[in-house]
Amino acid sequence: MATAQQVPDILSPEFAENPYPAYRVMRESAPLIWHEATQSYIISRYEDVERAFKDKESVFTTDNYDWQIEPVHGKTILQLSGREHSVRRALVAPAFRGSDLQNKFQPVIERNSRELIDAFRHTGSVDLVESYATRFPVNVIADMLGLDKADHARFHGWYTAVIAFLGNLSGDAEVAAAGERTRIEFAEYMFPIIRERRENLGDDLLSTLCAAEVDGVRMSDEDIKAFCSLLLAAGGETTDKAIASIFTNLLLHPDQLAAVREDRTLIDRAFAETLRYTPPVHMIMRQTAQDVELSGGTIPSGATVTCLIGSANRDGSRFRDPDTFDIFRDDLTTTTAFSAAADHLAFALGRHFCVGALLAKAEVETGVNQLLDAMPDLRLADGFDPVEQGVFTRGPQTLPVRFTPVTA
């Protein structure tokens with residue numbers, strides 16, 4: 001087994017600037033690394049990361065979330081296993097698929113996208129990250145829950161603090177404290193709203209969570225608050241970065257942008273390939289419940305495992321020309337790309353596959369469609385070269401574009 005000294009360190013500035021060369025070195029020569037600073041074993045090959053997500057919970061667990069996310073969210077569905085997990089997932093899942101998503105929330109998605117675009121559609125220029133991507137998914141989730149969108153700045157601040165806490169690989173004390181403050185502030189905000197909603201159920205997702213019952217089990221106020229906190233952070237940060245990344249990738253590949261503009265059914269292909277090529281979340285942790293043998297050696301029981309999604313999705317043993325963005329590739333199945341049978345690993349796999357994958361798909365489809373309609377000759381601002389930032393989550397921090405306004 002290699003040590004961190006033999007490959008670029010995941011906490012180094014060089015890695016943060018561009019992790020992909022480091023990923024290649026890891027996959028080829030150090031597929032299992034003990035990383036002292038994070039006290040975790042790092043795995044980078046597709047077959048190993050896939051196994052960590054798919055294996056039975058008697059092998060790879062989510063016990064790491066007890067210390068990794070509970071301090072900011074409270075106890076969430078991500079930490080549960082067995083029947084407890086199945087029941088909680090059954091309570092929340094219907095809102096994120098099928099008729100509920102299509103009939104109740106698709107209009108919410110379309111309206112929120114249109115409202116944001118209306119603010120800049122006549123200007124001829126916009127920063128797609130600042131004016132759209134960072135706002136759209138958070139506004140959608142607030143609307144779905146029946147929360148006041150006027151509190152957008154607070155929601156955004158909370159989920160930014162939460163994501164910083166989750167990605168605090170170096171153990172910065174201020175980041176940790178800010179994350180823990182967020183848990184308290186969000187609870188103080190949500191508990192009165194949850195109590196009021198229980199008394200006056202409406203047609204929103206929060207009311208659905210308050211009323212939901214499976215096998216005689218209902219969600220407590222704490223359960224609901226923790227899920228809403230998780231939803232804002234996971235659904236905000238990831239979709240924000242996915243939208244910024246899909247446009248960055250298409251703008252840097254004008255022929256593929258032209259194809260998507262001409263045939264909007266290709267949006268799903270472009271999103272799936274973006275999730276593979278530049279996933280919003282680059283690493284997810286798991287914890288072993290027994291000794292596990294993987295490429296490069298054995299991970300002992302009770303160890304934290306850092307699964308490098310960003311590396312696995314660029315593994316040449318799984319994907320042809322893995323460092324090439326190609327929406328027409330034939331080794332990425334679009335029809336399963338937003339399900340637990342996905343080829344890419346951006347949503348994880350198995351029992352803890354992202355419950356919001358179809359919501360993200362609906363948001364990206366709607367957003368890309370409406371933005372292309374509003375900006376048919378969309379192009380990067382003169383001289384601007386998009387740059388990804390981040391280690392735990394990653395994406396462009398800014399994306400200034402130009403376009404000729406569409407006249408009514």
# chains A, B, ... in the order shown; residues from 1 in each chain; ligands from 1
call {"tool": "select_by_dssp", "arguments": {"residues": "stretch 62-293 of chain A", "states": "alpha helix (DSSP H)", "output": "VMD selection string"}}
result
chain A and resid 65 to 68 70 to 73 82 to 92 98 to 99 106 to 118 128 136 to 145 152 to 166 173 to 199 205 to 211 221 to 251 254 to 262 267 to 277
call {"tool": "residues_around", "arguments": {"residues": "A:Ala374", "least_positions_apart": "6", "cutoff": "12 Å", "atoms": "only C-alpha atoms", "output": "VMD selection string"}}
result
chain A and resid 113 to 114 116 to 126 261 367 to 368 402 to 408
call {"tool": "write_last_selection", "arguments": {"atoms": "N, CA, C and O atoms", "output": "compact mmCIF listing (two decimals), in the first residue's frame"}}
result
# COMPACT_ATOMS: atom_id res chain seq x y z
N SER A 113 -37.15 28.88 -12.36
CA SER A 113 -36.16 29.12 -13.41
C SER A 113 -36.53 30.36 -14.21
O SER A 113 -35.68 31.24 -14.46
N ARG A 114 -37.77 30.45 -14.60
CA ARG A 114 -38.23 31.57 -15.43
C ARG A 114 -38.08 32.90 -14.70
O ARG A 114 -37.66 33.91 -15.29
N LEU A 116 -35.89 33.76 -12.43
CA LEU A 116 -34.49 34.17 -12.40
C LEU A 116 -34.03 34.66 -13.77
O LEU A 116 -33.34 35.68 -13.88
N ILE A 117 -34.42 33.96 -14.83
CA ILE A 117 -34.01 34.36 -16.18
C ILE A 117 -34.64 35.69 -16.57
O ILE A 117 -34.01 36.50 -17.25
N ASP A 118 -35.86 35.94 -16.12
CA ASP A 118 -36.53 37.20 -16.44
C ASP A 118 -35.73 38.41 -15.96
O ASP A 118 -35.84 39.50 -16.54
N ALA A 119 -34.93 38.21 -14.91
CA ALA A 119 -34.16 39.32 -14.36
C ALA A 119 -32.98 39.71 -15.25
O ALA A 119 -32.46 40.82 -15.14
N PHE A 120 -32.56 38.82 -16.16
CA PHE A 120 -31.39 39.17 -16.98
C PHE A 120 -31.58 38.87 -18.47
O PHE A 120 -30.68 39.16 -19.26
N ARG A 121 -32.72 38.36 -18.89
CA ARG A 121 -32.87 37.94 -20.28
C ARG A 121 -32.72 39.08 -21.28
O ARG A 121 -32.38 38.85 -22.43
N HIS A 122 -32.92 40.33 -20.85
CA HIS A 122 -32.84 41.47 -21.77
C HIS A 122 -31.50 42.21 -21.69
O HIS A 122 -31.31 43.21 -22.38
N THR A 123 -30.58 41.69 -20.86
CA THR A 123 -29.35 42.46 -20.61
C THR A 123 -28.22 42.17 -21.58
O THR A 123 -27.36 43.02 -21.81
N GLY A 124 -28.16 40.97 -22.13
CA GLY A 124 -27.08 40.61 -23.03
C GLY A 124 -25.85 40.07 -22.35
O GLY A 124 -24.91 39.63 -23.02
N SER A 125 -25.82 40.07 -21.02
CA SER A 125 -24.69 39.49 -20.29
C SER A 125 -25.14 39.09 -18.90
O SER A 125 -26.02 39.72 -18.32
N VAL A 126 -24.51 38.04 -18.36
CA VAL A 126 -24.85 37.59 -17.01
C VAL A 126 -23.76 36.65 -16.51
O VAL A 126 -23.06 36.01 -17.31
N ARG A 261 -28.36 22.48 -28.45
CA ARG A 261 -29.28 23.57 -28.78
C ARG A 261 -30.27 23.12 -29.86
O ARG A 261 -31.46 23.44 -29.82
N GLY A 367 -33.78 24.01 -16.58
CA GLY A 367 -32.87 25.15 -16.61
C GLY A 367 -32.14 25.29 -17.93
O GLY A 367 -32.08 26.39 -18.50
N VAL A 368 -31.59 24.20 -18.43
CA VAL A 368 -30.85 24.26 -19.70
C VAL A 368 -31.78 24.65 -20.84
O VAL A 368 -31.45 25.51 -21.67
N ARG A 402 -22.03 36.07 -22.55
CA ARG A 402 -22.65 37.11 -23.38
C ARG A 402 -23.68 36.45 -24.28
O ARG A 402 -23.57 35.27 -24.63
N PHE A 403 -24.66 37.23 -24.68
CA PHE A 403 -25.67 36.71 -25.60
C PHE A 403 -26.43 37.90 -26.18
O PHE A 403 -26.41 39.02 -25.65
N THR A 404 -27.08 37.66 -27.32
CA THR A 404 -27.94 38.68 -27.90
C THR A 404 -29.35 38.47 -27.36
O THR A 404 -29.92 37.39 -27.54
N PRO A 405 -29.89 39.48 -26.67
CA PRO A 405 -31.22 39.30 -26.10
C PRO A 405 -32.27 38.94 -27.16
O PRO A 405 -32.21 39.44 -28.29
N VAL A 406 -33.15 38.04 -26.78
CA VAL A 406 -34.24 37.65 -27.67
C VAL A 406 -35.34 38.69 -27.59
O VAL A 406 -35.85 38.98 -26.51
N THR A 407 -35.69 39.29 -28.73
CA THR A 407 -36.77 40.28 -28.71
C THR A 407 -38.11 39.59 -28.70
O THR A 407 -38.29 38.52 -29.31
N ALA A 408 -39.06 40.18 -28.01
CA ALA A 408 -40.39 39.56 -27.86
C ALA A 408 -41.09 39.51 -29.21
O ALA A 408 -40.90 40.37 -30.06
call {"tool": "closest_residue", "arguments": {"among": "A:Thr208, A:Gln397, A:Ser245, A:Asn168", "to": "A:Lys104", "atoms": "only C-alpha atoms"}}
result
A:Thr208
call {"tool": "residues_around", "arguments": {"residues": "A:Ile194", "least_positions_apart": "6", "cutoff": "10 Å", "atoms": "only C-alpha atoms", "output": "list in words"}}
result
Asn200, Leu201, Leu206, Ser207, Leu209, Cys210, Ser220, Asp221, Glu222, Ile224 and Lys225 of chain A
call {"tool": "write_last_selection", "arguments": {"atoms": "all heavy atoms", "output": "PDB file, in the first residue's frame"}}
result
ATOM      1  N   ASN A 200     -51.613  23.021  10.357  1.00  0.00           N
ATOM      2  CA  ASN A 200     -52.272  23.530   9.141  1.00  0.00           C
ATOM      3  C   ASN A 200     -51.599  22.937   7.907  1.00  0.00           C
ATOM      4  O   ASN A 200     -50.832  23.608   7.217  1.00  0.00           O
ATOM      5  CB  ASN A 200     -52.187  25.065   9.104  1.00  0.00           C
ATOM      6  CG  ASN A 200     -52.832  25.712  10.311  1.00  0.00           C
ATOM      7  OD1 ASN A 200     -54.051  25.795  10.404  1.00  0.00           O
ATOM      8  ND2 ASN A 200     -52.009  26.173  11.254  1.00  0.00           N
ATOM      9  N   LEU A 201     -51.896  21.672   7.658  1.00  0.00           N
ATOM     10  CA  LEU A 201     -51.266  20.991   6.533  1.00  0.00           C
ATOM     11  C   LEU A 201     -51.662  21.643   5.214  1.00  0.00           C
ATOM     12  O   LEU A 201     -52.815  22.019   5.021  1.00  0.00           O
ATOM     13  CB  LEU A 201     -51.657  19.516   6.521  1.00  0.00           C
ATOM     14  CG  LEU A 201     -51.134  18.667   7.680  1.00  0.00           C
ATOM     15  CD1 LEU A 201     -51.712  17.265   7.601  1.00  0.00           C
ATOM     16  CD2 LEU A 201     -49.603  18.613   7.680  1.00  0.00           C
ATOM     17  N   LEU A 206     -43.153  19.982   2.925  1.00  0.00           N
ATOM     18  CA  LEU A 206     -43.045  19.969   4.379  1.00  0.00           C
ATOM     19  C   LEU A 206     -44.310  19.381   5.004  1.00  0.00           C
ATOM     20  O   LEU A 206     -44.240  18.574   5.946  1.00  0.00           O
ATOM     21  CB  LEU A 206     -42.789  21.381   4.902  1.00  0.00           C
ATOM     22  CG  LEU A 206     -42.519  21.520   6.403  1.00  0.00           C
ATOM     23  CD1 LEU A 206     -41.358  20.628   6.835  1.00  0.00           C
ATOM     24  CD2 LEU A 206     -42.228  22.974   6.766  1.00  0.00           C
ATOM     25  N   SER A 207     -45.477  19.739   4.477  1.00  0.00           N
ATOM     26  CA  SER A 207     -46.735  19.162   4.964  1.00  0.00           C
ATOM     27  C   SER A 207     -46.774  17.662   4.710  1.00  0.00           C
ATOM     28  O   SER A 207     -47.240  16.884   5.555  1.00  0.00           O
ATOM     29  CB  SER A 207     -47.932  19.826   4.270  1.00  0.00           C
ATOM     30  OG  SER A 207     -48.002  21.198   4.594  1.00  0.00           O
ATOM     31  N   LEU A 209     -44.232  15.656   4.567  1.00  0.00           N
ATOM     32  CA  LEU A 209     -43.346  15.026   5.539  1.00  0.00           C
ATOM     33  C   LEU A 209     -43.998  14.977   6.922  1.00  0.00           C
ATOM     34  O   LEU A 209     -43.849  13.996   7.659  1.00  0.00           O
ATOM     35  CB  LEU A 209     -42.013  15.790   5.618  1.00  0.00           C
ATOM     36  CG  LEU A 209     -41.174  15.829   4.343  1.00  0.00           C
ATOM     37  CD1 LEU A 209     -39.942  16.712   4.545  1.00  0.00           C
ATOM     38  CD2 LEU A 209     -40.755  14.432   3.914  1.00  0.00           C
ATOM     39  N   CYS A 210     -44.729  16.022   7.269  1.00  0.00           N
ATOM     40  CA  CYS A 210     -45.404  16.066   8.566  1.00  0.00           C
ATOM     41  C   CYS A 210     -46.504  15.000   8.671  1.00  0.00           C
ATOM     42  O   CYS A 210     -46.752  14.439   9.743  1.00  0.00           O
ATOM     43  CB  CYS A 210     -46.026  17.446   8.805  1.00  0.00           C
ATOM     44  SG  CYS A 210     -44.836  18.759   9.149  1.00  0.00           S
ATOM     45  N   SER A 220     -40.467  12.533  13.294  1.00  0.00           N
ATOM     46  CA  SER A 220     -40.484  13.510  14.378  1.00  0.00           C
ATOM     47  C   SER A 220     -40.096  14.881  13.852  1.00  0.00           C
ATOM     48  O   SER A 220     -39.617  15.016  12.722  1.00  0.00           O
ATOM     49  CB  SER A 220     -39.498  13.081  15.471  1.00  0.00           C
ATOM     50  OG  SER A 220     -38.163  13.187  14.984  1.00  0.00           O
ATOM     51  N   ASP A 221     -40.292  15.903  14.687  1.00  0.00           N
ATOM     52  CA  ASP A 221     -39.861  17.245  14.279  1.00  0.00           C
ATOM     53  C   ASP A 221     -38.369  17.257  13.954  1.00  0.00           C
ATOM     54  O   ASP A 221     -37.932  17.894  12.992  1.00  0.00           O
ATOM     55  CB  ASP A 221     -40.147  18.257  15.403  1.00  0.00           C
ATOM     56  CG  ASP A 221     -41.628  18.542  15.567  1.00  0.00           C
ATOM     57  OD1 ASP A 221     -42.448  17.895  14.880  1.00  0.00           O
ATOM     58  OD2 ASP A 221     -41.984  19.403  16.400  1.00  0.00           O
ATOM     59  N   GLU A 222     -37.585  16.543  14.769  1.00  0.00           N
ATOM     60  CA  GLU A 222     -36.136  16.475  14.546  1.00  0.00           C
ATOM     61  C   GLU A 222     -35.826  15.764  13.232  1.00  0.00           C
ATOM     62  O   GLU A 222     -34.949  16.199  12.478  1.00  0.00           O
ATOM     63  CB  GLU A 222     -35.464  15.748  15.719  1.00  0.00           C
ATOM     64  CG  GLU A 222     -33.984  15.479  15.532  1.00  0.00           C
ATOM     65  CD  GLU A 222     -33.123  16.735  15.425  1.00  0.00           C
ATOM     66  OE1 GLU A 222     -33.500  17.786  15.968  1.00  0.00           O
ATOM     67  OE2 GLU A 222     -32.057  16.655  14.778  1.00  0.00           O
ATOM     68  N   ILE A 224     -37.684  15.643  10.568  1.00  0.00           N
ATOM     69  CA  ILE A 224     -38.061  16.525   9.459  1.00  0.00           C
ATOM     70  C   ILE A 224     -37.054  17.656   9.307  1.00  0.00           C
ATOM     71  O   ILE A 224     -36.621  17.979   8.194  1.00  0.00           O
ATOM     72  CB  ILE A 224     -39.488  17.077   9.667  1.00  0.00           C
ATOM     73  CG1 ILE A 224     -40.496  15.928   9.570  1.00  0.00           C
ATOM     74  CG2 ILE A 224     -39.812  18.167   8.645  1.00  0.00           C
ATOM     75  CD1 ILE A 224     -41.907  16.319   9.976  1.00  0.00           C
ATOM     76  N   LYS A 225     -36.672  18.244  10.423  1.00  0.00           N
ATOM     77  CA  LYS A 225     -35.679  19.332  10.372  1.00  0.00           C
ATOM     78  C   LYS A 225     -34.372  18.844   9.767  1.00  0.00           C
ATOM     79  O   LYS A 225     -33.775  19.497   8.901  1.00  0.00           O
ATOM     80  CB  LYS A 225     -35.444  19.880  11.780  1.00  0.00           C
ATOM     81  CG  LYS A 225     -34.483  21.060  11.866  1.00  0.00           C
ATOM     82  CD  LYS A 225     -33.025  20.673  12.014  1.00  0.00           C
ATOM     83  CE  LYS A 225     -32.771  19.890  13.290  1.00  0.00           C
ATOM     84  NZ  LYS A 225     -31.324  19.497  13.404  1.00  0.00           N
TER      85      LYS A 225
END
call {"tool": "residues_around", "arguments": {"residues": "A:Asn313", "least_positions_apart": "3", "cutoff": "12 Å", "atoms": "only C-alpha atoms", "output": "ChimeraX atom specification"}}
result
/A:20,23-24,27,44-50,272-283,307-310,316-325,331-332,342-348
call {"tool": "atom_distance", "arguments": {"atom1": "atom CA of A:Gly171", "atom2": "atom CA of A:Gln39"}}
result
11.2 Å
call {"tool": "residues_around", "arguments": {"residues": "stretch 174-189 of chain A", "least_positions_apart": "4", "cutoff": "9 Å", "atoms": "only C-alpha atoms", "output": "PyMOL selection string"}}
result
chain A and resi 71-74+155+157-166+168+193+222+225-226+229
call {"tool": "select_by_dssp", "arguments": {"residues": "stretch 186-313 of chain A", "states": "strand (DSSP E or B)", "output": "ChimeraX atom specification"}}
result
/A:213-214,217-218,281,283-288,292-294,297-299,304-308
call {"tool": "atom_distance", "arguments": {"atom1": "atom CA of A:Pro31", "atom2": "atom CA of A:Glu388"}}
result
24.2 Å
call {"tool": "residues_around", "arguments": {"residues": "A:Gln106", "least_positions_apart": "2", "cutoff": "12 Å", "atoms": "only C-alpha atoms", "output": "compact mmCIF listing (two decimals) with all heavy atoms, in the first residue's frame"}}
result
# COMPACT_ATOMS: atom_id res chain seq x y z
N ALA A 95 -41.96 12.06 -3.02
CA ALA A 95 -41.93 13.46 -3.47
C ALA A 95 -40.88 13.68 -4.56
O ALA A 95 -40.94 14.68 -5.27
CB ALA A 95 -41.65 14.38 -2.29
N PHE A 96 -39.95 12.74 -4.70
CA PHE A 96 -38.83 12.95 -5.61
C PHE A 96 -38.89 12.06 -6.84
O PHE A 96 -37.91 11.89 -7.54
CB PHE A 96 -37.51 12.71 -4.86
CG PHE A 96 -37.30 13.69 -3.74
CD1 PHE A 96 -37.67 13.38 -2.45
CD2 PHE A 96 -36.80 14.95 -3.99
CE1 PHE A 96 -37.51 14.29 -1.41
CE2 PHE A 96 -36.63 15.87 -2.97
CZ PHE A 96 -36.98 15.54 -1.68
N ARG A 97 -40.05 11.50 -7.11
CA ARG A 97 -40.18 10.67 -8.30
C ARG A 97 -41.64 10.63 -8.73
O ARG A 97 -42.54 11.06 -8.01
CB ARG A 97 -39.68 9.24 -8.01
CG ARG A 97 -40.46 8.51 -6.94
CD ARG A 97 -40.02 7.07 -6.79
NE ARG A 97 -40.91 6.38 -5.86
CZ ARG A 97 -40.51 5.77 -4.75
NH1 ARG A 97 -39.24 5.78 -4.41
NH2 ARG A 97 -41.38 5.16 -3.97
N GLY A 98 -41.86 10.13 -9.94
CA GLY A 98 -43.21 9.84 -10.41
C GLY A 98 -44.13 11.04 -10.46
O GLY A 98 -43.72 12.17 -10.76
N SER A 99 -45.40 10.80 -10.12
CA SER A 99 -46.44 11.81 -10.33
C SER A 99 -46.26 13.01 -9.42
O SER A 99 -46.57 14.14 -9.83
CB SER A 99 -47.83 11.19 -10.11
OG SER A 99 -47.93 10.66 -8.80
N ASP A 100 -45.78 12.81 -8.18
CA ASP A 100 -45.57 13.96 -7.29
C ASP A 100 -44.57 14.93 -7.91
O ASP A 100 -44.79 16.15 -7.95
CB ASP A 100 -45.05 13.50 -5.92
CG ASP A 100 -46.19 13.32 -4.92
OD1 ASP A 100 -47.35 13.25 -5.37
OD2 ASP A 100 -45.91 13.24 -3.71
N LEU A 101 -43.45 14.40 -8.37
CA LEU A 101 -42.42 15.26 -8.96
C LEU A 101 -42.96 15.93 -10.22
O LEU A 101 -42.79 17.14 -10.42
CB LEU A 101 -41.17 14.43 -9.30
CG LEU A 101 -40.02 15.17 -9.99
CD1 LEU A 101 -39.54 16.34 -9.15
CD2 LEU A 101 -38.85 14.21 -10.25
N GLN A 102 -43.64 15.16 -11.06
CA GLN A 102 -44.11 15.69 -12.34
C GLN A 102 -45.25 16.68 -12.16
O GLN A 102 -45.25 17.76 -12.75
CB GLN A 102 -44.57 14.53 -13.24
CG GLN A 102 -44.91 14.97 -14.67
CD GLN A 102 -43.73 15.62 -15.38
OE1 GLN A 102 -42.60 15.15 -15.28
NE2 GLN A 102 -43.97 16.72 -16.09
N ASN A 103 -46.21 16.35 -11.33
CA ASN A 103 -47.43 17.17 -11.23
C ASN A 103 -47.32 18.29 -10.22
O ASN A 103 -47.80 19.41 -10.46
CB ASN A 103 -48.64 16.28 -10.89
CG ASN A 103 -48.89 15.22 -11.95
OD1 ASN A 103 -48.59 15.42 -13.11
ND2 ASN A 103 -49.42 14.07 -11.54
N LYS A 104 -46.70 18.02 -9.08
CA LYS A 104 -46.66 19.02 -8.01
C LYS A 104 -45.46 19.94 -8.12
O LYS A 104 -45.56 21.15 -7.89
CB LYS A 104 -46.65 18.34 -6.63
CG LYS A 104 -47.97 17.71 -6.23
CD LYS A 104 -47.88 16.99 -4.92
CE LYS A 104 -47.59 17.92 -3.75
NZ LYS A 104 -47.66 17.18 -2.45
N VAL A 108 -43.24 24.14 -10.14
CA VAL A 108 -42.42 24.94 -9.22
C VAL A 108 -41.03 25.16 -9.82
O VAL A 108 -40.48 26.26 -9.79
CB VAL A 108 -42.29 24.23 -7.85
CG1 VAL A 108 -41.31 24.96 -6.94
CG2 VAL A 108 -43.65 24.13 -7.18
N ILE A 109 -40.47 24.11 -10.40
CA ILE A 109 -39.15 24.18 -11.03
C ILE A 109 -39.18 25.17 -12.20
O ILE A 109 -38.33 26.05 -12.32
CB ILE A 109 -38.71 22.79 -11.52
CG1 ILE A 109 -38.47 21.87 -10.32
CG2 ILE A 109 -37.46 22.88 -12.39
CD1 ILE A 109 -38.30 20.40 -10.68
N GLU A 110 -40.18 25.04 -13.06
CA GLU A 110 -40.28 25.90 -14.25
C GLU A 110 -40.46 27.37 -13.86
O GLU A 110 -39.85 28.25 -14.44
CB GLU A 110 -41.43 25.42 -15.13
CG GLU A 110 -41.15 24.08 -15.79
CD GLU A 110 -42.32 23.55 -16.58
OE1 GLU A 110 -43.35 24.25 -16.66
OE2 GLU A 110 -42.21 22.43 -17.13
N ARG A 111 -41.30 27.61 -12.86
CA ARG A 111 -41.56 28.99 -12.44
C ARG A 111 -40.30 29.64 -11.85
O ARG A 111 -39.98 30.79 -12.16
CB ARG A 111 -42.69 29.01 -11.40
CG ARG A 111 -43.05 30.42 -10.92
CD ARG A 111 -44.20 30.43 -9.94
NE ARG A 111 -43.85 29.80 -8.66
CZ ARG A 111 -44.36 28.66 -8.23
NH1 ARG A 111 -45.22 27.98 -8.98
NH2 ARG A 111 -44.00 28.18 -7.06
N ASN A 112 -39.59 28.91 -11.00
CA ASN A 112 -38.40 29.48 -10.37
C ASN A 112 -37.30 29.76 -11.39
O ASN A 112 -36.61 30.77 -11.29
CB ASN A 112 -37.90 28.54 -9.27
CG ASN A 112 -38.62 28.77 -7.96
OD1 ASN A 112 -38.35 29.73 -7.26
ND2 ASN A 112 -39.57 27.89 -7.65
N SER A 113 -37.15 28.88 -12.36
CA SER A 113 -36.16 29.12 -13.41
C SER A 113 -36.53 30.36 -14.21
O SER A 113 -35.68 31.24 -14.46
CB SER A 113 -36.07 27.90 -14.33
OG SER A 113 -35.16 28.15 -15.38
N VAL A 140 -35.99 26.53 -5.54
CA VAL A 140 -36.90 25.41 -5.80
C VAL A 140 -37.19 24.65 -4.51
O VAL A 140 -38.35 24.34 -4.19
CB VAL A 140 -36.31 24.46 -6.86
CG1 VAL A 140 -37.09 23.14 -6.91
CG2 VAL A 140 -36.32 25.12 -8.24
N ILE A 141 -36.14 24.33 -3.75
CA ILE A 141 -36.33 23.57 -2.52
C ILE A 141 -37.14 24.37 -1.51
O ILE A 141 -38.04 23.83 -0.85
CB ILE A 141 -34.96 23.15 -1.94
CG1 ILE A 141 -34.32 22.11 -2.86
CG2 ILE A 141 -35.10 22.60 -0.53
CD1 ILE A 141 -32.86 21.87 -2.60
N ASP A 143 -39.38 26.64 -2.17
CA ASP A 143 -40.76 26.59 -2.67
C ASP A 143 -41.41 25.24 -2.43
O ASP A 143 -42.57 25.15 -2.04
CB ASP A 143 -40.78 26.90 -4.18
CG ASP A 143 -41.42 28.24 -4.47
OD1 ASP A 143 -41.71 28.98 -3.51
OD2 ASP A 143 -41.64 28.55 -5.66
N MET A 144 -40.69 24.16 -2.69
CA MET A 144 -41.22 22.81 -2.47
C MET A 144 -41.62 22.61 -1.02
O MET A 144 -42.64 21.99 -0.72
CB MET A 144 -40.18 21.75 -2.86
CG MET A 144 -39.95 21.61 -4.35
SD MET A 144 -38.61 20.44 -4.74
CE MET A 144 -39.32 18.88 -4.19
N LEU A 358 -33.61 12.39 -9.48
CA LEU A 358 -34.60 12.76 -10.50
C LEU A 358 -35.02 14.22 -10.37
O LEU A 358 -35.36 14.86 -11.36
CB LEU A 358 -35.82 11.84 -10.42
CG LEU A 358 -35.57 10.40 -10.89
CD1 LEU A 358 -36.82 9.55 -10.69
CD2 LEU A 358 -35.14 10.36 -12.35
N LEU A 359 -34.98 14.76 -9.14
CA LEU A 359 -35.24 16.19 -8.96
C LEU A 359 -34.12 16.99 -9.65
O LEU A 359 -34.40 17.96 -10.36
CB LEU A 359 -35.30 16.54 -7.48
CG LEU A 359 -35.37 18.03 -7.13
CD1 LEU A 359 -36.64 18.66 -7.67
CD2 LEU A 359 -35.27 18.24 -5.61
N ALA A 360 -32.88 16.58 -9.44
CA ALA A 360 -31.76 17.26 -10.09
C ALA A 360 -31.90 17.19 -11.61
O ALA A 360 -31.67 18.19 -12.31
CB ALA A 360 -30.44 16.63 -9.65
N LYS A 361 -32.28 16.03 -12.11
CA LYS A 361 -32.47 15.85 -13.55
C LYS A 361 -33.54 16.80 -14.07
O LYS A 361 -33.37 17.47 -15.10
CB LYS A 361 -32.85 14.41 -13.86
CG LYS A 361 -33.20 14.11 -15.32
CD LYS A 361 -33.48 12.61 -15.48
CE LYS A 361 -33.87 12.26 -16.92
NZ LYS A 361 -35.26 12.61 -17.22
N ALA A 362 -34.66 16.90 -13.35
CA ALA A 362 -35.76 17.79 -13.76
C ALA A 362 -35.31 19.25 -13.74
O ALA A 362 -35.65 20.04 -14.64
CB ALA A 362 -36.97 17.59 -12.85
N GLU A 363 -34.53 19.63 -12.72
CA GLU A 363 -34.05 21.01 -12.63
C GLU A 363 -33.08 21.33 -13.77
O GLU A 363 -33.16 22.41 -14.38
CB GLU A 363 -33.36 21.23 -11.27
CG GLU A 363 -34.32 21.26 -10.10
CD GLU A 363 -33.62 21.39 -8.77
OE1 GLU A 363 -32.52 20.83 -8.60
OE2 GLU A 363 -34.17 22.04 -7.87
N VAL A 364 -32.16 20.41 -14.05
CA VAL A 364 -31.18 20.66 -15.11
C VAL A 364 -31.85 20.70 -16.47
O VAL A 364 -31.57 21.58 -17.30
CB VAL A 364 -30.05 19.60 -15.06
CG1 VAL A 364 -29.19 19.68 -16.31
CG2 VAL A 364 -29.20 19.81 -13.81
N GLU A 365 -32.75 19.77 -16.75
CA GLU A 365 -33.48 19.77 -18.02
C GLU A 365 -34.22 21.09 -18.22
O GLU A 365 -34.14 21.71 -19.28
CB GLU A 365 -34.50 18.62 -18.05
CG GLU A 365 -33.91 17.26 -18.33
CD GLU A 365 -34.99 16.18 -18.32
OE1 GLU A 365 -36.13 16.47 -17.90
OE2 GLU A 365 -34.69 15.05 -18.73
N THR A 366 -34.94 21.50 -17.19
CA THR A 366 -35.72 22.74 -17.28
C THR A 366 -34.80 23.95 -17.43
O THR A 366 -35.02 24.81 -18.29
CB THR A 366 -36.59 22.91 -16.01
OG1 THR A 366 -37.49 21.80 -15.92
CG2 THR A 366 -37.37 24.21 -16.05
N GLY A 367 -33.78 24.01 -16.58
CA GLY A 367 -32.87 25.15 -16.61
C GLY A 367 -32.14 25.29 -17.93
O GLY A 367 -32.08 26.39 -18.50
